[in-house]
>>> print(open('data_39.txt').read())   # compact mmCIF, C-alpha atoms and all ligand atoms
# COMPACT_ATOMS: atom_id res chain seq x y z
CA MET A 19 -5.41 -26.10 -28.73
CA TYR A 20 -8.01 -26.10 -25.98
CA PRO A 21 -11.67 -25.26 -26.63
CA PRO A 22 -12.12 -21.46 -26.21
CA THR A 23 -14.19 -21.86 -23.00
CA PHE A 24 -11.40 -23.79 -21.31
CA GLU A 25 -8.68 -21.54 -22.74
CA ASN A 26 -10.60 -18.57 -21.32
CA LEU A 27 -10.62 -20.08 -17.82
CA ILE A 28 -6.85 -20.62 -18.02
CA LEU A 29 -6.25 -17.04 -19.14
CA GLU A 30 -8.43 -15.64 -16.35
CA LEU A 31 -6.59 -17.69 -13.70
CA HIS A 32 -3.26 -16.61 -15.22
CA LYS A 33 -4.14 -13.00 -14.30
CA LEU A 34 -3.69 -13.86 -10.61
CA PRO A 35 -0.36 -12.86 -9.05
CA GLY A 36 2.25 -15.61 -9.10
CA VAL A 37 0.18 -17.89 -11.35
CA GLY A 38 2.10 -18.85 -14.49
CA MET A 39 0.48 -20.52 -17.52
CA LYS A 40 1.42 -24.01 -16.28
CA SER A 41 -0.16 -23.42 -12.86
CA ALA A 42 -3.21 -21.82 -14.45
CA GLU A 43 -3.61 -24.93 -16.62
CA ARG A 44 -3.35 -27.21 -13.58
CA MET A 45 -5.94 -25.13 -11.73
CA ALA A 46 -8.29 -25.14 -14.71
CA PHE A 47 -8.10 -28.96 -14.98
CA SER A 48 -8.76 -29.20 -11.27
CA ILE A 49 -11.86 -26.97 -11.55
CA LEU A 50 -12.99 -29.08 -14.54
CA GLY A 51 -13.03 -32.11 -12.27
CA TRP A 52 -15.17 -30.43 -9.60
CA SER A 53 -18.86 -31.05 -9.04
CA ASP A 54 -21.41 -28.55 -10.32
CA ASP A 55 -21.91 -27.30 -6.76
CA GLN A 56 -18.22 -26.69 -6.17
CA GLN A 57 -17.93 -24.79 -9.44
CA LYS A 58 -20.95 -22.66 -8.55
CA GLN A 59 -19.51 -21.88 -5.12
CA LEU A 60 -16.31 -20.60 -6.71
CA SER A 61 -18.24 -18.43 -9.20
CA LYS A 62 -20.37 -17.08 -6.37
CA ALA A 63 -17.37 -16.28 -4.16
CA ILE A 64 -15.86 -14.28 -7.03
CA ALA A 65 -19.16 -12.58 -7.93
CA ASP A 66 -19.73 -11.63 -4.28
CA VAL A 67 -16.45 -9.73 -4.05
CA ASN A 68 -18.03 -6.65 -5.55
CA LYS A 69 -20.47 -6.52 -2.64
CA LEU A 70 -17.57 -5.47 -0.43
CA LYS A 71 -17.31 -1.76 0.19
CA GLN A 72 -15.03 0.63 1.97
CA CYS A 73 -15.81 1.36 5.61
CA LYS A 74 -17.01 4.95 5.73
CA ILE A 75 -14.90 5.66 8.81
CA CYS A 76 -11.54 4.02 8.10
CA GLY A 77 -11.61 2.85 4.46
CA ASN A 78 -11.12 -0.83 5.37
CA LEU A 79 -12.88 -3.62 3.46
CA SER A 80 -16.35 -4.11 4.81
CA GLU A 81 -19.66 -5.80 4.13
CA ASN A 82 -21.45 -2.99 5.97
CA GLU A 83 -21.22 0.80 6.07
CA VAL A 84 -18.88 0.49 9.06
CA CYS A 85 -16.31 -2.30 9.31
CA ASN A 86 -15.99 -4.87 12.12
CA ILE A 87 -12.97 -3.11 13.59
CA CYS A 88 -14.57 0.35 13.72
CA SER A 89 -17.75 -1.04 15.25
CA ASP A 90 -15.88 -3.03 17.94
CA THR A 91 -16.40 -1.26 21.27
CA ASP A 92 -13.63 -3.31 22.94
CA ARG A 93 -11.01 -1.55 20.82
CA ASP A 94 -9.23 1.69 21.67
CA HIS A 95 -10.73 4.19 19.26
CA ASN A 96 -8.30 6.87 20.37
CA GLN A 97 -5.30 5.15 18.85
CA ILE A 98 -5.33 5.22 15.04
CA CYS A 99 -2.86 3.24 12.96
CA VAL A 100 -2.49 4.66 9.44
CA VAL A 101 -1.68 2.17 6.66
CA GLN A 102 -1.40 2.39 2.88
CA SER A 103 -3.58 -0.60 2.04
CA GLU A 104 -5.99 -3.18 3.43
CA LYS A 105 -3.21 -5.77 3.00
CA ASP A 106 -1.05 -3.76 5.40
CA LEU A 107 -3.96 -3.47 7.83
CA TYR A 108 -4.34 -7.25 7.94
CA ALA A 109 -0.55 -7.74 8.26
CA ILE A 110 -0.70 -5.72 11.51
CA GLU A 111 -4.06 -7.11 12.61
CA ASN A 112 -2.78 -10.68 12.24
CA LEU A 113 -0.01 -9.97 14.76
CA GLY A 114 -2.81 -9.85 17.34
CA GLU A 115 -0.95 -7.14 19.27
CA PHE A 116 -2.72 -3.96 18.26
CA ASN A 117 -6.03 -3.07 19.85
CA GLY A 118 -6.54 0.37 18.39
CA VAL A 119 -8.30 1.21 15.12
CA TYR A 120 -6.98 1.85 11.61
CA HIS A 121 -7.13 4.30 8.76
CA VAL A 122 -6.48 3.05 5.21
CA LEU A 123 -5.06 5.69 2.86
CA HIS A 124 -5.45 3.59 -0.33
CA GLY A 125 -2.02 4.56 -1.59
CA ALA A 126 0.74 7.01 -0.80
CA ILE A 127 1.70 10.46 -2.00
CA ASN A 128 3.62 10.18 -5.26
CA ILE A 129 4.30 13.58 -6.77
CA PRO A 130 5.95 12.33 -10.02
CA LYS A 131 2.89 10.16 -10.66
CA GLY A 132 0.52 12.98 -9.69
CA ILE A 133 -0.88 11.25 -6.59
CA LEU A 134 -1.55 14.10 -4.18
CA PRO A 135 -2.95 14.10 -0.61
CA ASP A 136 -6.51 14.95 -1.63
CA GLN A 137 -6.64 11.87 -3.89
CA LEU A 138 -5.93 9.66 -0.90
CA ASN A 139 -8.12 8.91 2.12
CA ILE A 140 -6.44 11.78 4.01
CA PRO A 141 -9.25 14.37 4.41
CA SER A 142 -11.32 11.78 6.29
CA LEU A 143 -8.34 11.05 8.57
CA GLU A 144 -8.09 14.73 9.45
CA LYS A 145 -11.79 14.73 10.33
CA ARG A 146 -11.29 11.81 12.72
CA ILE A 147 -8.75 13.69 14.82
CA ASN A 148 -10.37 15.24 17.89
CA SER A 149 -9.26 15.91 21.44
CA ASN A 150 -9.94 12.30 22.46
CA VAL A 151 -7.50 10.79 19.95
CA ASN A 152 -4.18 10.38 21.70
CA GLU A 153 -1.96 8.72 19.10
CA VAL A 154 -1.68 8.40 15.34
CA ILE A 155 0.73 5.62 14.36
CA LEU A 156 2.16 5.87 10.86
CA ALA A 157 2.66 2.34 9.53
CA LEU A 158 3.69 3.20 5.98
CA ASP A 159 6.10 1.51 3.60
CA PRO A 160 9.76 2.51 4.06
CA THR A 161 9.86 3.84 0.51
CA MET A 162 10.14 7.33 -0.99
CA GLU A 163 6.33 7.51 -1.28
CA GLY A 164 5.79 6.20 2.26
CA GLU A 165 8.32 8.67 3.68
CA THR A 166 6.80 11.59 1.78
CA THR A 167 3.36 10.64 3.09
CA ALA A 168 4.67 10.25 6.65
CA MET A 169 6.27 13.68 6.50
CA TYR A 170 3.10 15.24 5.11
CA LEU A 171 0.85 13.64 7.75
CA THR A 172 3.23 14.58 10.57
CA ARG A 173 3.17 18.23 9.54
CA LEU A 174 -0.60 18.09 9.15
CA LEU A 175 -1.38 16.48 12.50
CA GLU A 176 1.48 17.07 14.92
CA ASN A 177 -0.08 20.14 16.54
CA GLN A 178 -3.25 18.21 17.34
CA VAL A 179 -2.07 14.74 18.32
CA LEU A 180 1.00 12.63 19.09
CA VAL A 181 2.26 11.19 15.78
CA THR A 182 4.49 8.12 15.98
CA LYS A 183 6.13 6.02 13.29
CA LEU A 184 7.06 2.36 13.11
CA ALA A 185 10.71 1.65 13.89
CA TYR A 186 11.69 -0.44 10.91
CA GLY A 187 14.25 -3.20 10.91
CA ILE A 188 13.88 -3.62 7.16
CA PRO A 189 15.90 -1.85 4.47
CA PHE A 190 14.63 1.22 2.67
CA GLY A 191 12.47 0.21 -0.27
CA GLY A 192 10.83 -2.71 1.56
CA LYS A 193 7.10 -3.36 1.81
CA LEU A 194 5.15 -3.52 5.03
CA ASP A 195 2.94 -6.43 4.00
CA TYR A 196 5.99 -8.54 3.05
CA THR A 197 7.70 -7.90 6.37
CA ASP A 198 7.94 -11.01 8.54
CA PRO A 199 5.66 -10.88 11.61
CA ARG A 200 8.54 -10.76 14.12
CA THR A 201 10.13 -7.73 12.49
CA LEU A 202 6.76 -6.05 12.11
CA SER A 203 5.88 -6.73 15.73
CA LYS A 204 9.21 -5.18 16.85
CA ALA A 205 8.63 -2.20 14.55
CA LEU A 206 5.21 -1.66 16.11
CA SER A 207 6.30 -1.95 19.74
CA GLY A 208 9.42 0.15 19.13
CA ARG A 209 7.57 3.00 17.43
CA GLN A 210 8.86 6.50 18.05
CA LYS A 211 7.59 10.03 17.96
CA GLU A 212 7.88 11.27 14.39
CA LYS A 213 9.92 14.41 13.82
CA PRO A 214 9.44 16.20 10.53
CA GLU A 215 12.69 17.15 8.81
ZN ZN A 301 -13.61 0.87 9.63
>>> encode(input="data_39.txt", output="structure tokens")
Amino acid sequence: MYPPTFENLILELHKLPGVGMKSAERMAFSILGWSDDQQKQLSKAIADVNKLKQCKICGNLSENEVCNICSDTDRDHNQICVVQSEKDLYAIENLGEFNGVYHVLHGAINIPKGILPDQLNIPSLEKRINSNVNEVILALDPTMEGETTAMYLTRLLENQVLVTKLAYGIPFGGKLDYTDPRTLSKALSGRQKEKPE
């Protein structure tokens, strides 16, 4: 039996995705062997996470009111790529092929679970649409929730702006952020005008 302080560290690390008890133990022993400074840096990095906020324009992670992407004047602010999460945003951003801006919904419509459009970052998306915006790209998961959201957004926006959707090469039920970069890149470049059913 470990001393409670050490046991506590293991249990906290075990909460991380993909970290089993054995790995958590190994990590805890590794941290134990670090210098005071290294340990403090780790604590600080974790404590600082709550300083991050949501960009007031797009909902992306940001240290300031407006994120780096929204404040970048070299980007095309008239092309908005809509994603479900920050993870999805970075999956597309890391392709290095998209120079527009984003809008993070923070979820998808899920009627059985009671997640409705007004609980998502959708009203602020509607407000961003003006006559200068020329394309809204829906980069949502190919799941029931993603499809429902895509259909809803298409109906909401199609009379104001061109709405396109990623052309997926991944089976229904897949996740955007787990899609390999090549497939995602193809899905982005092959996007098509969305037609509501
Ligand atoms: Zn932003």
>>> atom_distance(input="data_39.txt", atom1="atom CA of Ile110 of chain A", atom2="atom CA of Val37 of chain A")
25.9 Å
>>> residues_near_ligand(input="data_39.txt", ligand="ligand ZN 301 (chain A)", cutoff="8 Å", atoms="only C-alpha atoms and all ligand atoms", output="list in words")
Gln72, Cys73, Lys74, Ile75, Cys76, Gly77, Asn78, Leu79, Ser80, Val84, Cys85, Asn86, Ile87, Cys88, Ser89, Val119, Tyr120 and His121 of chain A
>>> closest_residue(input="data_39.txt", among="A:Glu144, A:Asn150, A:Gln59, A:Phe190", to="Leu174 of chain A", atoms="all atoms listed in the file")
A:Glu144
>>> closest_residue(input="data_39.txt", among="A:Asn117, A:Gln57, A:Asn26, A:Asn96", to="Glu43 of chain A", atoms="only C-alpha atoms")
A:Asn26
>>> atom_distance(input="data_39.txt", atom1="atom CA of Asp159 of chain A", atom2="atom CA of Arg209 of chain A")
14.0 Å
>>> axis_aligned_box(input="data_39.txt", around="segment 171-179 of chain A", padding_each_side="4 Å", output="lines of an AutoDock Vina configuration file")
center_x = 0.0
center_y = 16.9
center_z = 13.0
size_x = 14.5
size_y = 14.5
size_z = 18.6
>>> atom_distance(input="data_39.txt", atom1="atom CA of Glu212 of chain A", atom2="atom CA of Leu156 of chain A")
8.6 Å
>>> residues_around(input="data_39.txt", residues="Tyr170 of chain A", least_positions_apart="3", cutoff="9 Å", atoms="only C-alpha atoms", output="ChimeraX atom specification")
/A:127,135,165-167,173-175,214
>>> closest_residue(input="data_39.txt", among="A:Glu81, A:Gln210, A:Gly187, A:Arg93", to="Glu115 of chain A", atoms="only C-alpha atoms")
A:Arg93
>>> closest_residue(input="data_39.txt", among="A:Ser48, A:Ser203, A:Gln102, A:Ser142", to="Pro160 of chain A", atoms="all atoms listed in the file")
A:Gln102
>>> closest_residue(input="data_39.txt", among="A:Ala46, A:Ile98, A:Met19, A:Val67", to="His32 of chain A", atoms="all atoms listed in the file")
A:Ala46
>>> residues_around(input="data_39.txt", residues="Arg200 of chain A", least_positions_apart="5", cutoff="12 Å", atoms="all atoms listed in the file", output="JSON list (two decimals) with C-alpha atoms, in the frame of the given file")
[["chain", "number", "residue", "atom", "x", "y", "z"],
["A", 109, "ALA", "CA", -0.55, -7.74, 8.26],
["A", 110, "ILE", "CA", -0.70, -5.72, 11.51],
["A", 112, "ASN", "CA", -2.78, -10.68, 12.24],
["A", 113, "LEU", "CA", -0.01, -9.97, 14.76],
["A", 114, "GLY", "CA", -2.81, -9.85, 17.34],
["A", 115, "GLU", "CA", -0.95, -7.14, 19.27],
["A", 186, "TYR", "CA", 11.69, -0.44, 10.91],
["A", 187, "GLY", "CA", 14.25, -3.20, 10.91],
["A", 188, "ILE", "CA", 13.88, -3.62, 7.16],
["A", 205, "ALA", "CA", 8.63, -2.20, 14.55],
["A", 206, "LEU", "CA", 5.21, -1.66, 16.11],
["A", 207, "SER", "CA", 6.30, -1.95, 19.74]]
>>> decode(input="data_39.txt", residues="segment 51-68 of chain A", atoms="N, CA and C atoms", output="mmCIF file, in the first residue's frame")
data_model
loop_
_atom_site.group_PDB
_atom_site.id
_atom_site.type_symbol
_atom_site.label_atom_id
_atom_site.label_comp_id
_atom_site.auth_asym_id
_atom_site.auth_seq_id
_atom_site.Cartn_x
_atom_site.Cartn_y
_atom_site.Cartn_z
ATOM 1 N N GLY A 51 10.775 11.186 -9.129
ATOM 2 C CA GLY A 51 12.218 11.341 -9.348
ATOM 3 C C GLY A 51 12.606 12.699 -9.914
ATOM 4 N N TRP A 52 11.633 13.547 -10.218
ATOM 5 C CA TRP A 52 11.949 14.851 -10.792
ATOM 6 C C TRP A 52 12.474 15.815 -9.733
ATOM 7 N N SER A 53 13.106 16.882 -10.241
ATOM 8 C CA SER A 53 13.548 17.951 -9.331
ATOM 9 C C SER A 53 12.324 18.751 -8.885
ATOM 10 N N ASP A 54 12.502 19.510 -7.814
ATOM 11 C CA ASP A 54 11.451 20.397 -7.315
ATOM 12 C C ASP A 54 10.907 21.289 -8.419
ATOM 13 N N ASP A 55 11.847 21.852 -9.210
ATOM 14 C CA ASP A 55 11.468 22.779 -10.289
ATOM 15 C C ASP A 55 10.592 22.117 -11.331
ATOM 16 N N GLN A 56 10.987 20.903 -11.719
ATOM 17 C CA GLN A 56 10.206 20.176 -12.730
ATOM 18 C C GLN A 56 8.791 19.884 -12.224
ATOM 19 N N GLN A 57 8.728 19.481 -10.950
ATOM 20 C CA GLN A 57 7.414 19.187 -10.367
ATOM 21 C C GLN A 57 6.546 20.440 -10.331
ATOM 22 N N LYS A 58 7.169 21.566 -9.976
ATOM 23 C CA LYS A 58 6.413 22.828 -9.914
ATOM 24 C C LYS A 58 5.919 23.248 -11.293
ATOM 25 N N GLN A 59 6.772 23.021 -12.305
ATOM 26 C CA GLN A 59 6.371 23.377 -13.673
ATOM 27 C C GLN A 59 5.141 22.591 -14.116
ATOM 28 N N LEU A 60 5.124 21.301 -13.745
ATOM 29 C CA LEU A 60 3.960 20.466 -14.109
ATOM 30 C C LEU A 60 2.704 20.974 -13.395
ATOM 31 N N SER A 61 2.830 21.244 -12.090
ATOM 32 C CA SER A 61 1.672 21.757 -11.337
ATOM 33 C C SER A 61 1.179 23.064 -11.943
ATOM 34 N N LYS A 62 2.133 23.913 -12.329
ATOM 35 C CA LYS A 62 1.755 25.224 -12.870
ATOM 36 C C LYS A 62 1.043 25.062 -14.209
ATOM 37 N N ALA A 63 1.584 24.177 -15.051
ATOM 38 C CA ALA A 63 0.964 23.955 -16.373
ATOM 39 C C ALA A 63 -0.479 23.505 -16.197
ATOM 40 N N ILE A 64 -0.720 22.640 -15.208
ATOM 41 C CA ILE A 64 -2.094 22.160 -14.972
ATOM 42 C C ILE A 64 -2.955 23.293 -14.400
ATOM 43 N N ALA A 65 -2.389 24.017 -13.432
ATOM 44 C CA ALA A 65 -3.158 25.103 -12.801
ATOM 45 C C ALA A 65 -3.506 26.204 -13.808
ATOM 46 N N ASP A 66 -2.615 26.411 -14.782
ATOM 47 C CA ASP A 66 -2.831 27.491 -15.765
ATOM 48 C C ASP A 66 -3.928 27.177 -16.773
ATOM 49 N N VAL A 67 -4.282 25.895 -16.887
ATOM 50 C CA VAL A 67 -5.287 25.513 -17.888
ATOM 51 C C VAL A 67 -6.591 26.283 -17.709
ATOM 52 N N ASN A 68 -6.934 26.566 -16.449
ATOM 53 C CA ASN A 68 -8.216 27.259 -16.255
ATOM 54 C C ASN A 68 -8.169 28.744 -16.615
#
